[in-house]
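Peer 1: I'd like to ask some things about the structure below.
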Amino acid sequence: MIIKLKIKFLFLFFFYLLIFDFSAKSEELVIDFSSDIDSIFTDDVPNFLYFKNEDVPVYVENFNDILNFNKSIFINLDDFYKLPSNIESINLEFSSNIAELSYKINDKLFSAYSYFIQSDNNENKSCTLIVPGSGINQSTEIFESNATNYHYGLRDILKKDNIYIYVKPNEDFYSVIGPNNKKLSYDLITNYHISYDGSYSASYLANVIAFTKKLNDICDRVRLVGISQGGEAVLISSIFENPDQAFIISGFYKHFDLSWKGYDQILIPKLNLFLENQINQSNQDIKTKYFFIWGEVDSFFYSKEAKNLNLCNHFIFFRNISKCIGHPLGHVIPKNTLEQLLSDID
């Protein structure tokens with residue numbers, strides 16, 4: 001009897017200890033940022049936020065708010081690699097120059113955003129989704145057509161289409177903003193997703209895939225366009241959900257398995273295994289036409305591709321459905337080359 005009472009006491013002791021510890025940790029999350037604020041919120045937000053509603057930008061006051069943001073965009077890797085078959089309830093709404101896409105994965109609601117620029121021709125039902133490359137607030141740079149930015153030229157070149165410029169979580173008007181009016185450091189985002197069997201990159205690519213799926217339903221023709229990291233994102237997304245055309249500008253090369261990347265690039269566990277499996281298979285069921293473009297004075301691997309144009313014939317997947325093109329510039333949008341290409345295929 002005494003032994004049983006001791007066991008019961010020990011059980012209750014550890015149970016309450018566990019509850020107390022959890023409560024203490026939860027309470028710690030809601031404390032303010034205090035003197036650490038400038039190391040938590042580090043980057044600038046755009047000078048003018050083109051869009052505000054009750055959901056974006058995301059203003060946070062404590063660590064619990066940051067945790068809730070991470071949870072809201074989180075997708076586990078099992079669900080990511082099942083895309084797009086598990087996407088449902090896609091709804092697209094417009095507010096001025098903004099498009100908001102709502103969709104569900106396994107009954108969890110997600111929101112994705114883009115800038116929207118209507119075609120010069122209101123009758124045109126062709127759509128282009130631009131995926132920005134790495135860097136701070138790049139979608140706003142594209143939207144404002146900043147002449148000093150490496151995306152410069154895309155908005156003007158593609159103006160015959162209805163243009164969607166995808167906005168990543170914690171970028172542009174979708175920024176997570178702290179009390180010092182700076183944007184949340186990715187040190188508090190990237191680690192969370194990897195630690196829980198996800199990836200920030202997978203979360204933002206899920207949005208791109210969902211956008212592509214919706215545009216395939218409502219547009220006569222769908223193009224995905226991206227440079228650098230945006231080009232890689234276009235390639236990956238187009239394998240999941242096939243647009244009519246995919247333009248990968250300085251975003252992929254034959255020796256992709258070397259994975260020369262920083263933490264701010266696309267990092268998803270098992271991604272190279274997935275890509276290897278896909279691009280070494282036949283493309284007989286693929287409707288997408290791929291256009292790979294590189295600059296001759298770009299970084300080493302891209303420059304090599306621009307001069308040799310080997311990728312289109314190296315992988316089975318890209319044969320007969322792709323075109324490889326070099327241009328004399330660097331890591332920028334080759335306006336003349338892209339304009340001529342679009343003129344040839346339209």
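By convention in this document, the chains of the structure tokens carry letters A, B, ... by their order, each chain's residues are numbered from 1, and ligands are numbered from 1 in the order they are shown.
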Given only C-alpha atoms, how would the per-residue table for range 71-171 of chain A near range 225-249 of chain A read, listing every residue at most 8 Å away with its closest atom pair and distance in Å to one decimal, sorted by chain and number, as a Markdown table?
Peer 2:
| residue | atom | partner | partner_atom | distance |
| --- | --- | --- | --- | --- |
| A:Leu83 | CA | A:Phe240 | CA | 6.5 |
| A:Pro84 | CA | A:Phe240 | CA | 6.5 |
| A:Thr128 | CA | A:Val225 | CA | 7.1 |
| A:Leu129 | CA | A:Val225 | CA | 6.3 |
| A:Ile130 | CA | A:Val225 | CA | 4.8 |
| A:Val131 | CA | A:Gly230 | CA | 4.9 |
| A:Pro132 | CA | A:Gly230 | CA | 4.8 |
| A:Gly133 | CA | A:Gly230 | CA | 4.1 |
| A:Ser134 | CA | A:Gln229 | CA | 5.8 |
| A:His151 | CA | A:Ile227 | CA | 7.2 |
Peer 1: Residues near range 326-341 of chain A, anyone? I mean within 10 Å using only C-alpha atoms, not counting same-chain ones fewer than 3 positions away, as a PyMOL selection string.
Peer 2: chain A and resi 149-154+156-158+226-228+247+249-251+291-299+302-309+344-346
Peer 1: Please save N, CA and C atoms of the selected residues as a compact mmCIF listing (two decimals), in the first residue's frame.
Peer 2:
# COMPACT_ATOMS: atom_id res chain seq x y z
N ASN A 149 17.54 47.52 -60.35
CA ASN A 149 17.34 46.18 -59.80
C ASN A 149 17.56 45.11 -60.87
N TYR A 150 18.02 43.92 -60.47
CA TYR A 150 18.34 42.88 -61.45
C TYR A 150 17.12 42.26 -62.11
N HIS A 151 15.92 42.55 -61.60
CA HIS A 151 14.69 42.10 -62.26
C HIS A 151 14.20 43.10 -63.32
N TYR A 152 14.88 44.22 -63.43
CA TYR A 152 14.37 45.31 -64.26
C TYR A 152 14.12 44.85 -65.70
N GLY A 153 12.96 45.25 -66.20
CA GLY A 153 12.56 44.93 -67.56
C GLY A 153 11.39 43.97 -67.62
N LEU A 154 11.20 43.16 -66.57
CA LEU A 154 10.14 42.14 -66.63
C LEU A 154 8.75 42.75 -66.78
N ASP A 156 7.73 45.58 -68.03
CA ASP A 156 7.49 46.17 -69.35
C ASP A 156 7.43 45.10 -70.43
N ILE A 157 8.32 44.11 -70.37
CA ILE A 157 8.37 43.06 -71.39
C ILE A 157 7.07 42.25 -71.41
N LEU A 158 6.50 42.04 -70.23
CA LEU A 158 5.35 41.13 -70.11
C LEU A 158 4.00 41.86 -70.03
N GLY A 226 11.05 33.64 -63.78
CA GLY A 226 11.87 33.99 -62.63
C GLY A 226 13.34 34.02 -62.99
N ILE A 227 14.07 34.85 -62.25
CA ILE A 227 15.52 34.92 -62.41
C ILE A 227 16.18 34.55 -61.08
N SER A 228 17.34 33.89 -61.17
CA SER A 228 18.11 33.51 -60.00
C SER A 228 17.30 32.52 -59.15
N PHE A 247 9.96 30.08 -67.77
CA PHE A 247 11.19 30.78 -68.14
C PHE A 247 12.11 30.80 -66.92
N ILE A 249 15.58 31.92 -65.76
CA ILE A 249 16.67 32.81 -66.14
C ILE A 249 17.75 32.76 -65.05
N SER A 250 18.93 32.28 -65.42
CA SER A 250 20.05 32.15 -64.46
C SER A 250 19.57 31.52 -63.15
N GLY A 251 18.84 30.40 -63.27
CA GLY A 251 18.28 29.80 -62.07
C GLY A 251 18.49 28.31 -61.94
N PHE A 291 12.13 27.22 -71.05
CA PHE A 291 13.11 28.10 -71.67
C PHE A 291 14.16 28.46 -70.62
N PHE A 292 15.39 27.99 -70.85
CA PHE A 292 16.50 28.25 -69.93
C PHE A 292 17.39 29.32 -70.54
N ILE A 293 17.66 30.36 -69.76
CA ILE A 293 18.41 31.51 -70.26
C ILE A 293 19.54 31.83 -69.28
N TRP A 294 20.76 32.00 -69.80
CA TRP A 294 21.92 32.32 -68.96
C TRP A 294 22.75 33.44 -69.60
N GLY A 295 23.50 34.13 -68.77
CA GLY A 295 24.40 35.19 -69.25
C GLY A 295 25.84 34.71 -69.34
N GLU A 296 26.52 35.14 -70.38
CA GLU A 296 27.90 34.70 -70.60
C GLU A 296 28.87 35.29 -69.58
N VAL A 297 28.50 36.40 -68.95
CA VAL A 297 29.38 36.98 -67.93
C VAL A 297 28.75 36.87 -66.54
N ASP A 298 27.90 35.87 -66.38
CA ASP A 298 27.32 35.55 -65.07
C ASP A 298 28.34 34.73 -64.28
N SER A 299 27.96 34.23 -63.09
CA SER A 299 28.85 33.41 -62.28
C SER A 299 29.18 32.10 -63.00
N TYR A 302 26.54 29.35 -64.41
CA TYR A 302 25.62 29.95 -65.37
C TYR A 302 26.35 30.37 -66.65
N SER A 303 27.54 30.92 -66.48
CA SER A 303 28.33 31.32 -67.64
C SER A 303 28.67 30.12 -68.52
N LYS A 304 29.00 29.02 -67.87
CA LYS A 304 29.33 27.80 -68.62
C LYS A 304 28.13 27.30 -69.41
N GLU A 305 26.95 27.35 -68.79
CA GLU A 305 25.73 26.93 -69.50
C GLU A 305 25.45 27.85 -70.68
N ALA A 306 25.66 29.17 -70.49
CA ALA A 306 25.40 30.13 -71.57
C ALA A 306 26.25 29.85 -72.79
N LYS A 307 27.45 29.35 -72.57
CA LYS A 307 28.38 29.10 -73.68
C LYS A 307 28.20 27.72 -74.29
N ASN A 308 27.82 26.71 -73.46
CA ASN A 308 27.74 25.33 -73.95
C ASN A 308 26.32 24.84 -74.22
N LEU A 309 25.33 25.40 -73.52
CA LEU A 309 23.91 25.05 -73.70
C LEU A 309 23.69 23.53 -73.61
N ASP A 344 8.88 35.45 -80.89
CA ASP A 344 8.97 34.23 -81.72
C ASP A 344 7.93 33.19 -81.34
N ILE A 345 7.60 33.11 -80.05
CA ILE A 345 6.70 32.02 -79.61
C ILE A 345 5.24 32.45 -79.48
N ASP A 346 4.98 33.77 -79.48
CA ASP A 346 3.58 34.24 -79.36
C ASP A 346 2.84 34.18 -80.70
Peer 1: Using only C-alpha atoms, find the one residue out of A:Tyr200, A:Phe63, A:Tyr192, A:Tyr115 that sits nearest to Ile165 in chain A.
Peer 2: A:Tyr115
Peer 1: Using only C-alpha atoms, can you tell me which of A:Leu311, A:Phe317, A:Val167, A:Lys183 comes closest to Leu275 in chain A?
Peer 2: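 For Leu275 in chain A, the nearest of the given residues is A:Phe317.
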Peer 1: Would you mind writing down, as an NGL selection string, each residue of range 22-268 of chain A that DSSP on the backbone assigns to helix (DSSP H, G or I)?
Peer 2: :A and (22-29 or 34-40 or 63-73 or 77-80 or 138-143 or 154-157 or 172-174 or 186-188 or 190-195 or 200-218 or 229-240 or 256-258)
Peer 1: Could you pull the residues within 10 Å of Glu88 in chain A, counting only C-alpha atoms, minus those fewer than 3 positions along the same chain, as a short mmCIF file (atom, residue, chain, number, x, y, z; two decimals) with N, CA and C atoms, in the first residue's frame?
Peer 2:
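result-v1.cif written:
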data_model
loop_
_atom_site.label_atom_id
_atom_site.label_comp_id
_atom_site.auth_asym_id
_atom_site.auth_seq_id
_atom_site.Cartn_x
_atom_site.Cartn_y
_atom_site.Cartn_z
N PRO A 84 0.23 19.01 -56.27
CA PRO A 84 -0.91 19.84 -55.88
C PRO A 84 -2.18 19.05 -55.59
N SER A 85 -2.09 17.70 -55.54
CA SER A 85 -3.31 16.89 -55.40
C SER A 85 -4.05 17.15 -54.09
N ASN A 91 -9.59 30.14 -53.80
CA ASN A 91 -10.38 31.33 -54.06
C ASN A 91 -9.44 32.51 -54.28
N SER A 102 -6.68 32.21 -51.42
CA SER A 102 -6.95 31.38 -50.25
C SER A 102 -7.09 29.93 -50.70
N TYR A 103 -6.43 29.03 -49.97
CA TYR A 103 -6.55 27.62 -50.31
C TYR A 103 -6.34 26.77 -49.06
N LYS A 104 -6.69 25.51 -49.16
CA LYS A 104 -6.56 24.60 -48.03
C LYS A 104 -5.69 23.41 -48.39
N ILE A 105 -4.94 22.94 -47.40
CA ILE A 105 -4.25 21.66 -47.48
C ILE A 105 -4.62 20.89 -46.21
N ASN A 106 -5.28 19.77 -46.39
CA ASN A 106 -5.74 18.97 -45.24
C ASN A 106 -6.51 19.82 -44.24
N ASP A 107 -7.45 20.62 -44.75
CA ASP A 107 -8.34 21.47 -43.94
C ASP A 107 -7.64 22.64 -43.26
N LYS A 108 -6.33 22.83 -43.48
CA LYS A 108 -5.65 24.01 -42.95
C LYS A 108 -5.69 25.11 -44.00
N LEU A 109 -6.11 26.30 -43.57
CA LEU A 109 -6.26 27.42 -44.50
C LEU A 109 -4.94 28.17 -44.66
N ALA A 210 0.10 26.71 -55.68
CA ALA A 210 -1.34 26.97 -55.58
C ALA A 210 -1.76 28.08 -56.54
#
